[in-house]
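Reviewing the structure listed below.
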Number of protein chains: 2
Amino acid sequence: MKKILFITSAFLMAGSLLAQQNLFGGAQIKSPEVNPDGTITIRFQGPKAKSVKVEGDFLPEQLIETGNGGVWAIHPAVDLKEGQNGVWEYTTPEPVPADYYTYTLTVDGIKTVDPANVYINRDVATITNQLIVSREKGDNGDLFSVNDVPHGTVRAMWYHSKELGTDRRLTVYTPAGYETSGKKYPVFYLLHGAGGDETAWYTQGRATQILDNLIAAGKAEPMILVMTNGNAWDTAAPGESSKGFAQPGALSTSREGVKEAAFELHFPEVISFIEKNFRCKTDKNSRAIAGLSMGGFHSQAISRYYNQKFGYVGLFSGATGGVQAMSQKPAESPVYTQFDADMAKQFAKGKAPKLYFIACGKTDFVLPGVNALRAYMDEKGYPYEWRESEGGHIWRNWRNYLVEYSQKIFK
Amino acid sequence: MKKILFITSAFLMAGSLLAQQNLFGGAQIKSPEVNPDGTITIRFQGPKAKSVKVEGDFLPEQLIETGNGGVWAIHPAVDLKEGQNGVWEYTTPEPVPADYYTYTLTVDGIKTVDPANVYINRDVATITNQLIVSREKGDNGDLFSVNDVPHGTVRAMWYHSKELGTDRRLTVYTPAGYETSGKKYPVFYLLHGAGGDETAWYTQGRATQILDNLIAAGKAEPMILVMTNGNAWDTAAPGESSKGFAQPGALSTSREGVKEAAFELHFPEVISFIEKNFRCKTDKNSRAIAGLSMGGFHSQAISRYYNQKFGYVGLFSGATGGVQAMSQKPAESPVYTQFDADMAKQFAKGKAPKLYFIACGKTDFVLPGVNALRAYMDEKGYPYEWRESEGGHIWRNWRNYLVEYSQKIFK
């Protein structure tokens, strides 16, 4: 028995050393803390620090003029105050609504993460801490959480694009029960914005939690959710491609050799791949597309150019225009130059999408562009559903639009 | 056209604001940098900092005595030196071998991540930056990288355990071509250590990159890889369960109500789930199991208790004993108490595993325990293959053991 006890003590030693590692930074403080009165406290243990700030989307909003008639809502950083034992602290002036939030700290001018909170999100090159505030079942915090409901499967998988000449990565969610049901499902293509990738919607977008929860509650139809990478010059999220751990600042400028509208033009390959590899309903009204910001632009263009492919279209804070994203050159691709003609085909009598959903925040800097698209559609008599919300160009809005849109489709 | 140009300019504005966000912390420095002479430089821009240290597994090793005849290899933190413009710097004294490394910074006593490097890994409660050094095709850095080879699919999915009374999350890799081949594949169950979860082997373990690369090179058989969560008191990795964003320090102590050997006893449910949901070969010699540290302990116990289920067994720095992990109570579960009898069944004439692979580092604190198991097996005449490596109880070794083991199984 001696031998066996000896082995055990070596194992216990491993346990205790791991426990020491378990405190990232040795922080003994609690941060973030949701207080009984609904406010949030952020703490930082830094006896040698001269200045500590927090920046996050739970902080009070401030509006700046964009100079083109719009406004931009930002959440300026605020100072933590040093208290006893070198513990700095900030508490929000008001209770914070139930939601999913992200934040960062800036210590002596260096932006960093909260050492007391191991939940970190990478959105291309922006690293933030995560925080969920939930007070009751069904509130936003609850809807964005992993709950004890049946869970779908989330896959990172690769498809080949002849159009782009490469394999590319995408994310596919199938609803709980998919593996054994034998049924066919409708498919929802959900696109990220500039500064995102195929991981964005299932990390801070909380899309898989939202669908798990809405499907379990009977509020959304069981569906397949496909999250593509909209950066045609990349094959996968930073760190997940053969570019290795190149820093994303470098990645995002390497767009050479990518032709105009490359992402939109290759999109039928995505649909083919999904419909070949999954049990999909393949009629128009079993296909939905939506995206945020640049993904709204992409959704508008793809649903217009392939004008009878999608029964449901959603533009969330959509950067909605008829010309190439990120360029002021005149458009050359037919994806963009046939705007009027393709819109006319998309909305031809009896052929219009069952739902064309446009959502934007009152303090979102893209609102003037969104309103211009709405004016154009009003003039032409193309039907759409309009959702104006509070707030700016932020994930808090996009998650809410997804919650609403995903309950409207495939019904 | 005016309208369209206007929309575009709003879009460009979004692009430029995103570009500003793109520099996490505004760092203009390069860190980490692999220099032409093979050394690594770590930099930190902190004009107000008083002290900056780096800790990482590429730093020189130092040995400490464990007091039980073993040694423990650690990589002590080293100081960065302040140079011009508040940029601190450390360069390794020697070239660093091609490999995957992790590191953290400690600024004025606060452990943090490198603001110039957005690649971060969470291993339960330990947050580190990631770095790959690769110099030529086929070296370790290359083997641990995403390369332009066919990629398998990686799924996060949930199964139900009656034994544990809950749904639980696991990770399943299927090799490139699985979706359309119609073929059946052998299955490799790969288990993490104490302080890990179902994400550990595919993040810093690089298991999916290793298999993609070895399979593409014809060095490993196409196989299904299953990565379970070995913490019977949890349902999923921190942040991925209904415990929400509770900090892992709290999670790891909440083991109440979990009976002895609970993980091992529920393991047949994992096998059933996989064999029901995937196209698997289901004979003994098409099943392999291996694990690191606690996962080695689990692999030893599972392959012994279910003694004719696995044709291949791998113990990587295995905390290999006959009693319950993390406890000094006498063992009660038959999983542990029938050690001798079950080993005898597992190694009965004509029934022994095709491969029983035991690997450990010379400076790994579990080596005495591993050697005790080897002495026991030598005495009984149970065949095994022994791999002694340099280094301690670290991922650098576990990745290497996986590379070797995965080329030996299913052949």
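Chain identifiers are assigned as A, B, and so on, following the order in which chains appear in the structure tokens; residues are numbered from 1 within each chain, and ligands are numbered from 1 in order of appearance.
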Please provide as a PyMOL selection string all residues within 7 Å of stretch 352-356 of chain A, with the sequence filter that same-chain residues fewer than 4 positions apart are discarded (counting only C-alpha atoms). chain A and resi 310-314+346-348+384-385
Residues as selected, C-alpha atoms, written as a compact mmCIF listing (two decimals), in the first residue's frame, can you do that?
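Just written: again10.txt:
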```txt
# COMPACT_ATOMS: atom_id res chain seq x y z
CA PHE A 310 -33.51 34.06 -49.60
CA GLY A 311 -36.97 34.30 -48.13
CA TYR A 312 -35.76 36.35 -45.17
CA VAL A 313 -33.23 39.19 -45.12
CA GLY A 314 -31.98 41.07 -42.05
CA GLN A 346 -35.75 40.82 -55.72
CA PHE A 347 -38.99 42.69 -55.05
CA ALA A 348 -40.83 41.74 -58.23
CA TYR A 384 -39.66 46.02 -45.27
CA GLU A 385 -40.00 45.94 -41.51
```
In stretch 4-181 of chain A, DSSP helix (DSSP H, G or I) residues written as a ChimeraX atom specification: /A:4-21,24-26,84-86,140-143,178-181
Please dump the current selection as a CSV table (one decimal), in the first residue's frame; keep N, CA and C atoms.
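Result file follows (result-v2.csv):
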```
chain,number,residue,atom,x,y,z
A,4,ILE,N,1.2,2.9,-3.3
A,4,ILE,CA,0.1,3.6,-3.8
A,4,ILE,C,-0.2,4.9,-3.2
A,5,LEU,N,0.1,5.0,-1.8
A,5,LEU,CA,0.0,6.2,-1.1
A,5,LEU,C,1.0,7.3,-1.7
A,6,PHE,N,2.2,6.8,-2.0
A,6,PHE,CA,3.2,7.6,-2.5
A,6,PHE,C,2.8,8.3,-3.8
A,7,ILE,N,2.2,7.4,-4.7
A,7,ILE,CA,1.7,7.9,-5.9
A,7,ILE,C,0.7,9.0,-5.7
A,8,THR,N,-0.2,8.8,-4.7
A,8,THR,CA,-1.3,9.7,-4.5
A,8,THR,C,-0.7,11.1,-4.0
A,9,SER,N,0.3,11.0,-3.2
A,9,SER,CA,0.8,12.3,-2.7
A,9,SER,C,1.5,13.1,-3.8
A,10,ALA,N,2.1,12.4,-4.8
A,10,ALA,CA,2.6,13.2,-5.9
A,10,ALA,C,1.4,13.9,-6.6
A,11,PHE,N,0.3,13.1,-6.7
A,11,PHE,CA,-0.8,13.7,-7.4
A,11,PHE,C,-1.4,14.9,-6.7
A,12,LEU,N,-1.5,14.7,-5.3
A,12,LEU,CA,-2.0,15.9,-4.6
A,12,LEU,C,-1.1,17.1,-4.7
A,13,MET,N,0.2,16.8,-4.8
A,13,MET,CA,1.1,18.0,-5.0
A,13,MET,C,0.8,18.7,-6.3
A,14,ALA,N,0.5,17.9,-7.3
A,14,ALA,CA,0.1,18.5,-8.6
A,14,ALA,C,-1.1,19.4,-8.4
A,15,GLY,N,-2.1,18.8,-7.7
A,15,GLY,CA,-3.3,19.6,-7.4
A,15,GLY,C,-3.0,20.9,-6.7
A,16,SER,N,-2.2,20.9,-5.7
A,16,SER,CA,-2.0,22.1,-5.0
A,16,SER,C,-1.2,23.1,-5.8
A,17,LEU,N,-0.2,22.7,-6.6
A,17,LEU,CA,0.5,23.6,-7.4
A,17,LEU,C,-0.4,24.2,-8.5
A,18,LEU,N,-1.4,23.4,-9.0
A,18,LEU,CA,-2.3,23.9,-10.0
A,18,LEU,C,-3.2,24.9,-9.3
A,19,ALA,N,-3.6,24.7,-8.1
A,19,ALA,CA,-4.5,25.6,-7.4
A,19,ALA,C,-3.8,27.0,-7.3
A,20,GLN,N,-2.5,26.9,-7.0
A,20,GLN,CA,-1.8,28.2,-7.0
A,20,GLN,C,-1.8,28.9,-8.3
A,21,GLN,N,-1.6,28.2,-9.4
A,21,GLN,CA,-1.7,28.8,-10.7
A,21,GLN,C,-3.0,29.4,-11.0
A,24,PHE,N,-5.1,33.8,-11.4
A,24,PHE,CA,-4.4,34.6,-12.4
A,24,PHE,C,-4.0,35.9,-11.8
A,25,GLY,N,-2.7,36.1,-11.6
A,25,GLY,CA,-2.2,37.4,-11.1
A,25,GLY,C,-2.3,37.4,-9.6
A,26,GLY,N,-2.7,36.3,-9.0
A,26,GLY,CA,-2.8,36.3,-7.5
A,26,GLY,C,-3.9,37.2,-7.0
A,84,GLN,N,-8.3,51.3,0.1
A,84,GLN,CA,-7.4,50.7,1.0
A,84,GLN,C,-6.6,49.5,0.3
A,85,ASN,N,-5.4,49.3,0.8
A,85,ASN,CA,-4.6,48.2,0.3
A,85,ASN,C,-4.3,48.2,-1.2
A,86,GLY,N,-4.3,49.3,-1.8
A,86,GLY,CA,-4.0,49.4,-3.2
A,86,GLY,C,-5.1,48.8,-4.1
A,140,ASN,N,-32.5,39.5,-20.8
A,140,ASN,CA,-31.4,39.4,-21.8
A,140,ASN,C,-30.2,38.7,-21.3
A,141,GLY,N,-29.8,38.9,-20.0
A,141,GLY,CA,-28.7,38.2,-19.5
A,141,GLY,C,-28.9,36.7,-19.6
A,142,ASP,N,-30.1,36.3,-19.2
A,142,ASP,CA,-30.5,34.9,-19.2
A,142,ASP,C,-30.5,34.3,-20.7
A,143,LEU,N,-31.0,35.1,-21.6
A,143,LEU,CA,-31.1,34.7,-23.0
A,143,LEU,C,-29.7,34.5,-23.6
A,178,TYR,N,-30.5,17.4,-33.8
A,178,TYR,CA,-30.2,17.3,-35.2
A,178,TYR,C,-29.6,15.9,-35.6
A,179,GLU,N,-28.6,15.5,-34.8
A,179,GLU,CA,-27.8,14.3,-35.1
A,179,GLU,C,-28.7,13.0,-35.3
A,180,THR,N,-29.8,13.0,-34.5
A,180,THR,CA,-30.6,11.7,-34.5
A,180,THR,C,-32.0,11.9,-35.1
A,181,SER,N,-32.4,13.1,-35.4
A,181,SER,CA,-33.9,13.4,-35.8
A,181,SER,C,-34.2,12.9,-37.2
```
When you look at A:Arg304 with a cut-off of 7 Å (counting only C-alpha atoms), what residues show up, excluding the ones that are within fewer than 2 positions of it in the same chain? I need them as a PyMOL selection string. chain A and resi 300-302+306-307+342-343+346
Export of prior selection with C-alpha atoms as a short mmCIF file (atom, residue, chain, number, x, y, z; two decimals), in the first residue's frame:
```cif
data_model
loop_
_atom_site.label_atom_id
_atom_site.label_comp_id
_atom_site.auth_asym_id
_atom_site.auth_seq_id
_atom_site.Cartn_x
_atom_site.Cartn_y
_atom_site.Cartn_z
CA GLN A 300 -28.09 43.28 -48.74
CA ALA A 301 -25.79 42.61 -51.70
CA ILE A 302 -26.00 38.81 -51.64
CA TYR A 306 -28.83 36.18 -55.96
CA ASN A 307 -32.26 37.69 -55.82
CA ASP A 342 -31.46 43.58 -58.96
CA MET A 343 -33.58 45.24 -56.28
CA GLN A 346 -35.75 40.82 -55.72
#
```
If you run DSSP over the backbone, which residues in stretch 55-278 of chain B end up strand (DSSP E)? Put them as a ChimeraX atom specification. /B:55-56,62-65,71-74,78-79,81-82,87-91,99-107,110-112,120-123,126-133,153-161,166-174,187-191,224-227
With a distance cut-off of 8 Å and only C-alpha atoms, select the neighbouring residues of A:Lys184, excluding the residue or stretch itself and same-chain residues fewer than 4 positions from it, and output the selection as a PDB file with C-alpha atoms, in the first residue's frame.
```
ATOM      1  CA  ARG A 279     -29.951  17.912 -43.914  1.00  0.00           C
ATOM      2  CA  CYS A 280     -31.348  21.204 -45.229  1.00  0.00           C
ATOM      3  CA  LYS A 281     -34.647  22.378 -46.601  1.00  0.00           C
TER       4      LYS A 281
END
```
Fewer than 6 positions away in the same chain doesn't count, so skip those; otherwise give me all residues within 7 Å of stretch 91-106 of chain B, counting only C-alpha atoms, as a ChimeraX atom specification. /B:37-42,52-59,112-114,128-135,139-141,144
Name the residues in contact with A:Asp197 at a cut-off of 12 Å, using only C-alpha atoms, excluding same-chain residues fewer than 5 positions from it; report them as a VMD selection string. chain A and resid 122 to 125 168 to 171 190 to 192 202 to 205 227 to 241 248 252 291 to 292 294 to 295
